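Working notes for the structure below.
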Amino acid sequence: MSTMSVTVVQEASGLDPEGNRARLRELVPSDSDLVVLPEAFARDFGEPGSDLSQFAEPLDGAFASELADVAAHHNTTVVAGMFETSERADRPYNTLVVRGAATASYRKIHLYDSFGYQESKALTAGPLAPALVDVAGFRLGLMTCYDLRFPELARMLVDHGAEVLVVPAAWVAGPRKIEHWRTLVRARAIENTVFVVASAQPAPRYTGHSLVVDPLGDVLAEAGQLPGVIRATLDRSVLDEARRTNPSLANRRLPSAAL
């Protein structure tokens with residue numbers, strides 16, 4: 001396919017997992033190839049330092065199963081965040097699940113030990129491996145929130161064929177945080193000549209400003225700080241033209257040890 005229609009849902013998750021599951025059917029539309037919800041949509045993080053283990057589920061548990069049912073009902077592919085059970089009962093994974101026409105999962109690699117938070121005290125980091133999935137003829141690379149600050153992960157995904165980076169987030173609000181978010185989303189698009197689809201939870205706790213950015217850094221759609229929905233169409237001809245105009249991937253020169 002030469003185009004992919006994308007819907008980004010900027011909605012806050014609550015502290016009641018059952019309530020969050022119940023909202024999926026009304027939040028996911030029927031007219032998009034890909035629908036992206038934020039990080040931790042199955043259940044919000046709660047107060048800093050909260051024990052999240054009681055809200056962890058397996059990948060065939062209630063949240064992922066409902067997500068699959070909703071995706072099938074709407075004939076689409078949906079990405080959303082949850083806490084997944086791990087080998088450590090007290091520290092689950094922060095996981096993205098993809099359900100629908102394609103199925104995948106990604107366990108967040110970079111835990112948010114920054115800006116006064118210590119996510120690693122409550123969660124387990126995922127393995128150092130790229131997570132990719134094909135949707136509507138495009139190859140998607142999966143990242144979560146704080147991963148955005150690590151360009152090595154985005155480049156690894158692109159080296160494995162990613163043409164779109166999908167970044168669900170719960171980007172905590174604070175000084176400079178919106179500027180950091182917008183700058184980093186656009187930087188990952190520009191330096192890798194890829195589309196970036198970034199879904200954030202809204203204010204007041206988080207920054208909002210979900211974005212869809214094209215491979216030359218142009219913003220195709222952007223939300224404000226409040227709950228809302230944005231839409232965009234990703235066009236392969238734009239990707240191809242960006243890589244002809246700015247062939248930075250082809251022009252890379254690396255030490256032999258890095259190859």
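Chain identifiers are assigned as A, B, and so on, following the order in which chains appear in the structure tokens; residues are numbered from 1 within each chain, and ligands are numbered from 1 in order of appearance.
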task: Mind checking which residues fall within 10 Å of Met1 in chain A, counting only C-alpha atoms, ignoring those fewer than 4 positions away in the same chain, and posting them as a VMD selection string?
output: chain A and resid 135 to 138 235 to 236
task: Find the residues near Asp159 in chain A: any atom within 12 Å, counting only C-alpha atoms, skip ones fewer than 2 places away on the same chain, and give them as a VMD selection string.
output: chain A and resid 130 to 132 139 to 141 152 to 157 161 to 163 192 to 194 249 to 250 252 259
Same residues, N, CA and C atoms, saved as a compact mmCIF listing (two decimals), in the first residue's frame:
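File again-v4.txt, as written:
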```txt
# COMPACT_ATOMS: atom_id res chain seq x y z
N PRO A 130 15.14 -4.90 19.04
CA PRO A 130 14.17 -4.08 18.34
C PRO A 130 12.84 -4.80 18.19
N ALA A 131 11.74 -4.04 18.27
CA ALA A 131 10.40 -4.60 18.08
C ALA A 131 9.77 -3.90 16.88
N LEU A 132 9.46 -4.69 15.86
CA LEU A 132 8.91 -4.15 14.62
C LEU A 132 7.68 -4.95 14.21
N ARG A 139 6.54 -0.65 7.59
CA ARG A 139 7.18 -1.31 8.72
C ARG A 139 7.28 -0.32 9.88
N LEU A 140 6.71 -0.71 11.03
CA LEU A 140 6.65 0.15 12.20
C LEU A 140 7.67 -0.31 13.24
N GLY A 141 8.39 0.64 13.83
CA GLY A 141 9.27 0.37 14.95
C GLY A 141 8.65 0.93 16.22
N GLU A 152 19.92 6.07 19.74
CA GLU A 152 20.44 4.77 19.33
C GLU A 152 19.32 3.77 19.08
N LEU A 153 18.27 3.82 19.89
CA LEU A 153 17.17 2.88 19.71
C LEU A 153 16.42 3.17 18.42
N ALA A 154 16.14 4.43 18.17
CA ALA A 154 15.46 4.78 16.92
C ALA A 154 16.28 4.34 15.72
N ARG A 155 17.59 4.56 15.76
CA ARG A 155 18.44 4.17 14.63
C ARG A 155 18.49 2.65 14.48
N MET A 156 18.50 1.92 15.60
CA MET A 156 18.49 0.46 15.51
C MET A 156 17.21 -0.02 14.83
N LEU A 157 16.09 0.60 15.16
CA LEU A 157 14.83 0.23 14.52
C LEU A 157 14.87 0.52 13.02
N GLY A 161 14.74 -1.74 9.31
CA GLY A 161 13.72 -1.51 8.29
C GLY A 161 12.56 -0.62 8.68
N ALA A 162 12.56 -0.05 9.88
CA ALA A 162 11.44 0.79 10.29
C ALA A 162 11.30 2.01 9.37
N GLU A 163 10.08 2.26 8.95
CA GLU A 163 9.74 3.45 8.15
C GLU A 163 8.87 4.41 8.94
N ASN A 192 16.42 10.27 10.98
CA ASN A 192 16.23 8.92 10.45
C ASN A 192 15.41 8.89 9.16
N THR A 193 14.96 10.05 8.71
CA THR A 193 14.05 10.15 7.56
C THR A 193 12.94 9.11 7.64
N VAL A 194 12.16 9.20 8.72
CA VAL A 194 11.01 8.32 8.94
C VAL A 194 9.84 9.17 9.43
N LEU A 249 20.89 8.41 5.66
CA LEU A 249 21.12 7.01 6.00
C LEU A 249 22.15 6.38 5.07
N ALA A 250 22.06 6.71 3.80
CA ALA A 250 23.01 6.17 2.82
C ALA A 250 24.40 6.80 2.97
N ARG A 252 25.94 7.71 5.75
CA ARG A 252 26.62 7.48 7.03
C ARG A 252 28.00 6.88 6.82
N LEU A 259 30.18 -1.37 12.65
CA LEU A 259 29.38 -1.96 11.58
C LEU A 259 28.96 -3.38 11.92
```
Those of range 35-210 of chain A in DSSP strand (DSSP E or B), formatted as an mmCIF file with N, CA and C atoms, in the first residue's frame:
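File produced: states-v2.cif:
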```
data_model
loop_
_atom_site.group_PDB
_atom_site.id
_atom_site.type_symbol
_atom_site.label_atom_id
_atom_site.label_comp_id
_atom_site.auth_asym_id
_atom_site.auth_seq_id
_atom_site.Cartn_x
_atom_site.Cartn_y
_atom_site.Cartn_z
ATOM 1 N N VAL A 35 -4.365 2.830 14.808
ATOM 2 C CA VAL A 35 -4.822 3.685 15.908
ATOM 3 C C VAL A 35 -3.819 3.554 17.038
ATOM 4 N N VAL A 36 -3.336 4.680 17.543
ATOM 5 C CA VAL A 36 -2.304 4.674 18.585
ATOM 6 C C VAL A 36 -2.829 5.378 19.825
ATOM 7 N N GLU A 57 -0.650 -7.736 33.856
ATOM 8 C CA GLU A 57 -1.421 -8.784 33.198
ATOM 9 C C GLU A 57 -0.542 -9.499 32.179
ATOM 10 N N THR A 77 -5.746 -1.834 13.278
ATOM 11 C CA THR A 77 -4.668 -2.269 14.166
ATOM 12 C C THR A 77 -4.501 -1.202 15.242
ATOM 13 N N VAL A 78 -4.422 -1.628 16.493
ATOM 14 C CA VAL A 78 -4.370 -0.690 17.622
ATOM 15 C C VAL A 78 -3.111 -0.952 18.439
ATOM 16 N N VAL A 79 -2.466 0.149 18.863
ATOM 17 C CA VAL A 79 -1.309 0.092 19.760
ATOM 18 C C VAL A 79 -1.691 0.782 21.058
ATOM 19 N N ALA A 80 -1.389 0.175 22.191
ATOM 20 C CA ALA A 80 -1.685 0.780 23.488
ATOM 21 C C ALA A 80 -0.739 0.204 24.534
ATOM 22 N N GLY A 81 -0.576 0.943 25.631
ATOM 23 C CA GLY A 81 0.350 0.534 26.681
ATOM 24 C C GLY A 81 -0.328 -0.131 27.862
ATOM 25 N N MET A 82 0.394 -1.070 28.483
ATOM 26 C CA MET A 82 -0.095 -1.794 29.658
ATOM 27 C C MET A 82 1.086 -2.202 30.523
ATOM 28 N N PHE A 83 0.812 -2.707 31.710
ATOM 29 C CA PHE A 83 1.830 -3.314 32.557
ATOM 30 C C PHE A 83 1.701 -4.825 32.424
ATOM 31 N N GLU A 84 2.810 -5.459 32.054
ATOM 32 C CA GLU A 84 2.820 -6.891 31.768
ATOM 33 C C GLU A 84 3.564 -7.650 32.862
ATOM 34 N N TYR A 93 6.726 -5.450 33.432
ATOM 35 C CA TYR A 93 7.221 -4.704 32.286
ATOM 36 C C TYR A 93 6.247 -3.577 31.945
ATOM 37 N N ASN A 94 6.781 -2.513 31.395
ATOM 38 C CA ASN A 94 5.978 -1.458 30.780
ATOM 39 C C ASN A 94 5.922 -1.807 29.295
ATOM 40 N N THR A 95 4.786 -2.306 28.849
ATOM 41 C CA THR A 95 4.700 -2.978 27.553
ATOM 42 C C THR A 95 3.706 -2.294 26.619
ATOM 43 N N LEU A 96 4.077 -2.226 25.341
ATOM 44 C CA LEU A 96 3.140 -1.861 24.288
ATOM 45 C C LEU A 96 2.609 -3.138 23.664
ATOM 46 N N VAL A 97 1.305 -3.167 23.440
ATOM 47 C CA VAL A 97 0.704 -4.292 22.726
ATOM 48 C C VAL A 97 0.107 -3.786 21.423
ATOM 49 N N VAL A 98 0.304 -4.559 20.377
ATOM 50 C CA VAL A 98 -0.263 -4.285 19.060
ATOM 51 C C VAL A 98 -1.235 -5.415 18.758
ATOM 52 N N ARG A 99 -2.478 -5.052 18.470
ATOM 53 C CA ARG A 99 -3.498 -6.053 18.187
ATOM 54 C C ARG A 99 -4.339 -5.618 16.989
ATOM 55 N N GLY A 100 -4.810 -6.597 16.222
ATOM 56 C CA GLY A 100 -5.638 -6.316 15.059
ATOM 57 C C GLY A 100 -5.127 -7.059 13.849
ATOM 58 N N ALA A 104 1.897 -7.769 17.895
ATOM 59 C CA ALA A 104 3.273 -7.645 18.379
ATOM 60 C C ALA A 104 3.230 -7.114 19.801
ATOM 61 N N SER A 105 4.392 -7.068 20.427
ATOM 62 C CA SER A 105 4.522 -6.428 21.736
ATOM 63 C C SER A 105 5.935 -5.888 21.882
ATOM 64 N N TYR A 106 6.070 -4.893 22.754
ATOM 65 C CA TYR A 106 7.389 -4.290 23.014
ATOM 66 C C TYR A 106 7.472 -3.917 24.481
ATOM 67 N N ARG A 107 8.523 -4.376 25.131
ATOM 68 C CA ARG A 107 8.768 -4.061 26.538
ATOM 69 C C ARG A 107 9.751 -2.899 26.614
ATOM 70 N N THR A 124 10.437 -3.465 35.374
ATOM 71 C CA THR A 124 11.591 -4.170 34.828
ATOM 72 C C THR A 124 11.834 -3.707 33.399
ATOM 73 N N LEU A 132 9.463 -4.685 15.859
ATOM 74 C CA LEU A 132 8.911 -4.151 14.622
ATOM 75 C C LEU A 132 7.681 -4.945 14.207
ATOM 76 N N VAL A 133 6.803 -4.286 13.465
ATOM 77 C CA VAL A 133 5.594 -4.939 12.995
ATOM 78 C C VAL A 133 5.169 -4.274 11.685
ATOM 79 N N ASP A 134 4.599 -5.040 10.783
ATOM 80 C CA ASP A 134 4.154 -4.516 9.492
ATOM 81 C C ASP A 134 2.660 -4.245 9.527
ATOM 82 N N VAL A 135 2.300 -3.024 9.137
ATOM 83 C CA VAL A 135 0.899 -2.599 9.107
ATOM 84 C C VAL A 135 0.657 -1.837 7.809
ATOM 85 N N PHE A 138 3.553 -0.735 5.626
ATOM 86 C CA PHE A 138 4.644 0.025 6.231
ATOM 87 C C PHE A 138 5.232 -0.788 7.383
ATOM 88 N N ARG A 139 6.540 -0.654 7.589
ATOM 89 C CA ARG A 139 7.182 -1.313 8.725
ATOM 90 C C ARG A 139 7.281 -0.316 9.881
ATOM 91 N N LEU A 140 6.709 -0.706 11.028
ATOM 92 C CA LEU A 140 6.649 0.155 12.205
ATOM 93 C C LEU A 140 7.669 -0.314 13.237
ATOM 94 N N GLY A 141 8.393 0.643 13.832
ATOM 95 C CA GLY A 141 9.267 0.370 14.955
ATOM 96 C C GLY A 141 8.645 0.931 16.221
ATOM 97 N N LEU A 142 8.666 0.149 17.301
ATOM 98 C CA LEU A 142 7.976 0.519 18.535
ATOM 99 C C LEU A 142 8.944 1.089 19.568
ATOM 100 N N VAL A 164 8.303 3.903 10.019
ATOM 101 C CA VAL A 164 7.468 4.690 10.925
ATOM 102 C C VAL A 164 7.875 4.331 12.346
ATOM 103 N N LEU A 165 8.143 5.328 13.177
ATOM 104 C CA LEU A 165 8.371 5.105 14.603
ATOM 105 C C LEU A 165 7.081 5.434 15.339
ATOM 106 N N VAL A 166 6.592 4.485 16.126
ATOM 107 C CA VAL A 166 5.365 4.670 16.893
ATOM 108 C C VAL A 166 5.749 4.813 18.358
ATOM 109 N N VAL A 167 5.357 5.942 18.960
ATOM 110 C CA VAL A 167 5.861 6.296 20.294
ATOM 111 C C VAL A 167 4.705 6.666 21.223
ATOM 112 N N PRO A 168 4.025 5.693 21.834
ATOM 113 C CA PRO A 168 3.074 6.020 22.898
ATOM 114 C C PRO A 168 3.826 6.539 24.124
ATOM 115 N N ALA A 169 3.224 7.509 24.819
ATOM 116 C CA ALA A 169 3.937 8.137 25.922
ATOM 117 C C ALA A 169 2.982 8.619 27.004
ATOM 118 N N VAL A 172 5.622 13.269 31.327
ATOM 119 C CA VAL A 172 5.249 14.030 32.518
ATOM 120 C C VAL A 172 5.446 15.522 32.284
ATOM 121 N N PHE A 195 8.637 8.614 9.304
ATOM 122 C CA PHE A 195 7.487 9.194 9.978
ATOM 123 C C PHE A 195 7.584 8.858 11.468
ATOM 124 N N VAL A 196 7.070 9.761 12.315
ATOM 125 C CA VAL A 196 6.939 9.471 13.737
ATOM 126 C C VAL A 196 5.495 9.743 14.145
ATOM 127 N N VAL A 197 4.894 8.745 14.780
ATOM 128 C CA VAL A 197 3.531 8.862 15.292
ATOM 129 C C VAL A 197 3.630 8.764 16.811
ATOM 130 N N ALA A 198 3.384 9.874 17.486
ATOM 131 C CA ALA A 198 3.627 9.955 18.930
ATOM 132 C C ALA A 198 2.339 10.322 19.659
ATOM 133 N N SER A 199 1.877 9.415 20.509
ATOM 134 C CA SER A 199 0.631 9.608 21.250
ATOM 135 C C SER A 199 0.938 9.832 22.723
ATOM 136 N N ALA A 200 0.503 10.978 23.243
ATOM 137 C CA ALA A 200 0.792 11.322 24.639
ATOM 138 C C ALA A 200 -0.491 11.386 25.460
ATOM 139 N N TYR A 206 0.281 15.233 32.380
ATOM 140 C CA TYR A 206 1.194 14.995 31.269
ATOM 141 C C TYR A 206 1.134 16.161 30.288
#
```
message: For Gly14 in chain A, find every residue with an atom within 9 Å (counting only C-alpha atoms), except residues of its own chain fewer than 5 positions away, and show them as an MDAnalysis selection string.
response: chainID A and resid 19:20 41:46
query: A:Ser32, A:Ser210, A:Ser120, A:Thr76: which is nearest Val229 in chain A, counting only C-alpha atoms?
result: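 Result for the nearest residue to Val229 in chain A: A:Ser210.
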statement: With distances taken over only C-alpha atoms, the candidate from A:Gln54, A:Thr85, A:Thr233, A:Asn246 nearest Thr7 in chain A is A:Thr233
message: as a PyMOL selection string, please: every residue in range 93-192 of chain A that a backbone DSSP assignment puts in helix (DSSP H, G or I).
response: chain A and resi 119-121+145-149+151-159+177-192
Save the residues we just selected, C-alpha atoms, as a PDB file, in the first residue's frame?
```pdb
ATOM      1  CA  GLU A 119      10.592   4.035  37.144  1.00  0.00           C
ATOM      2  CA  SER A 120      13.136   1.260  37.625  1.00  0.00           C
ATOM      3  CA  LYS A 121      12.054   0.876  41.259  1.00  0.00           C
ATOM      4  CA  CYS A 145       8.074   7.603  26.018  1.00  0.00           C
ATOM      5  CA  TYR A 146      11.553   7.990  27.598  1.00  0.00           C
ATOM      6  CA  ASP A 147      12.995   5.837  24.790  1.00  0.00           C
ATOM      7  CA  LEU A 148      12.627   8.970  22.664  1.00  0.00           C
ATOM      8  CA  ARG A 149      15.649  10.518  24.413  1.00  0.00           C
ATOM      9  CA  PRO A 151      18.617   8.111  19.407  1.00  0.00           C
ATOM     10  CA  GLU A 152      20.442   4.774  19.326  1.00  0.00           C
ATOM     11  CA  LEU A 153      17.170   2.878  19.714  1.00  0.00           C
ATOM     12  CA  ALA A 154      15.459   4.784  16.918  1.00  0.00           C
ATOM     13  CA  ARG A 155      18.441   4.172  14.630  1.00  0.00           C
ATOM     14  CA  MET A 156      18.486   0.460  15.514  1.00  0.00           C
ATOM     15  CA  LEU A 157      14.827   0.232  14.515  1.00  0.00           C
ATOM     16  CA  VAL A 158      15.530   2.039  11.251  1.00  0.00           C
ATOM     17  CA  ASP A 159      18.482  -0.262  10.570  1.00  0.00           C
ATOM     18  CA  LYS A 177       8.921  19.310  28.881  1.00  0.00           C
ATOM     19  CA  ILE A 178       6.662  20.265  25.948  1.00  0.00           C
ATOM     20  CA  GLU A 179       9.666  21.783  24.167  1.00  0.00           C
ATOM     21  CA  HIS A 180      11.721  18.640  24.813  1.00  0.00           C
ATOM     22  CA  TRP A 181       8.905  16.397  23.584  1.00  0.00           C
ATOM     23  CA  ARG A 182       8.257  18.310  20.357  1.00  0.00           C
ATOM     24  CA  THR A 183      11.970  18.729  19.616  1.00  0.00           C
ATOM     25  CA  LEU A 184      12.802  15.066  20.175  1.00  0.00           C
ATOM     26  CA  VAL A 185       9.863  13.751  18.146  1.00  0.00           C
ATOM     27  CA  ARG A 186      10.874  15.938  15.206  1.00  0.00           C
ATOM     28  CA  ALA A 187      14.576  15.123  15.633  1.00  0.00           C
ATOM     29  CA  ARG A 188      13.954  11.370  15.501  1.00  0.00           C
ATOM     30  CA  ALA A 189      11.970  11.907  12.282  1.00  0.00           C
ATOM     31  CA  ILE A 190      14.555  14.163  10.628  1.00  0.00           C
ATOM     32  CA  GLU A 191      17.715  12.255  11.509  1.00  0.00           C
ATOM     33  CA  ASN A 192      16.229   8.920  10.447  1.00  0.00           C
TER      34      ASN A 192
END
```
- prompt: Near Asn75 in chain A, counting only C-alpha atoms, which residues have an atom at most 10 Å away, once you skip same-chain residues fewer than 2 positions from it, shown as an MDAnalysis selection string?
  reply: chainID A and resid 29:34 69:73 77:78 100:101
Using only C-alpha atoms: which of A:Glu222, A:Asp214, A:Asp51, A:Glu18 has the shortest distance to Val238 in chain A: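 With only C-alpha atoms as the atom set, the closest residue is A:Asp214.
If you measure from each of A:Glu241, A:Ala12, A:Leu67, A:Met4 to Pro204 in chain A using only C-alpha atoms, the closest one turns out to be A:Ala12.
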field: Counting only C-alpha atoms, the option among A:Pro247, A:Gly126, A:Gly208, A:Pro175 closest to Gly224 in chain A
entry: A:Gly208
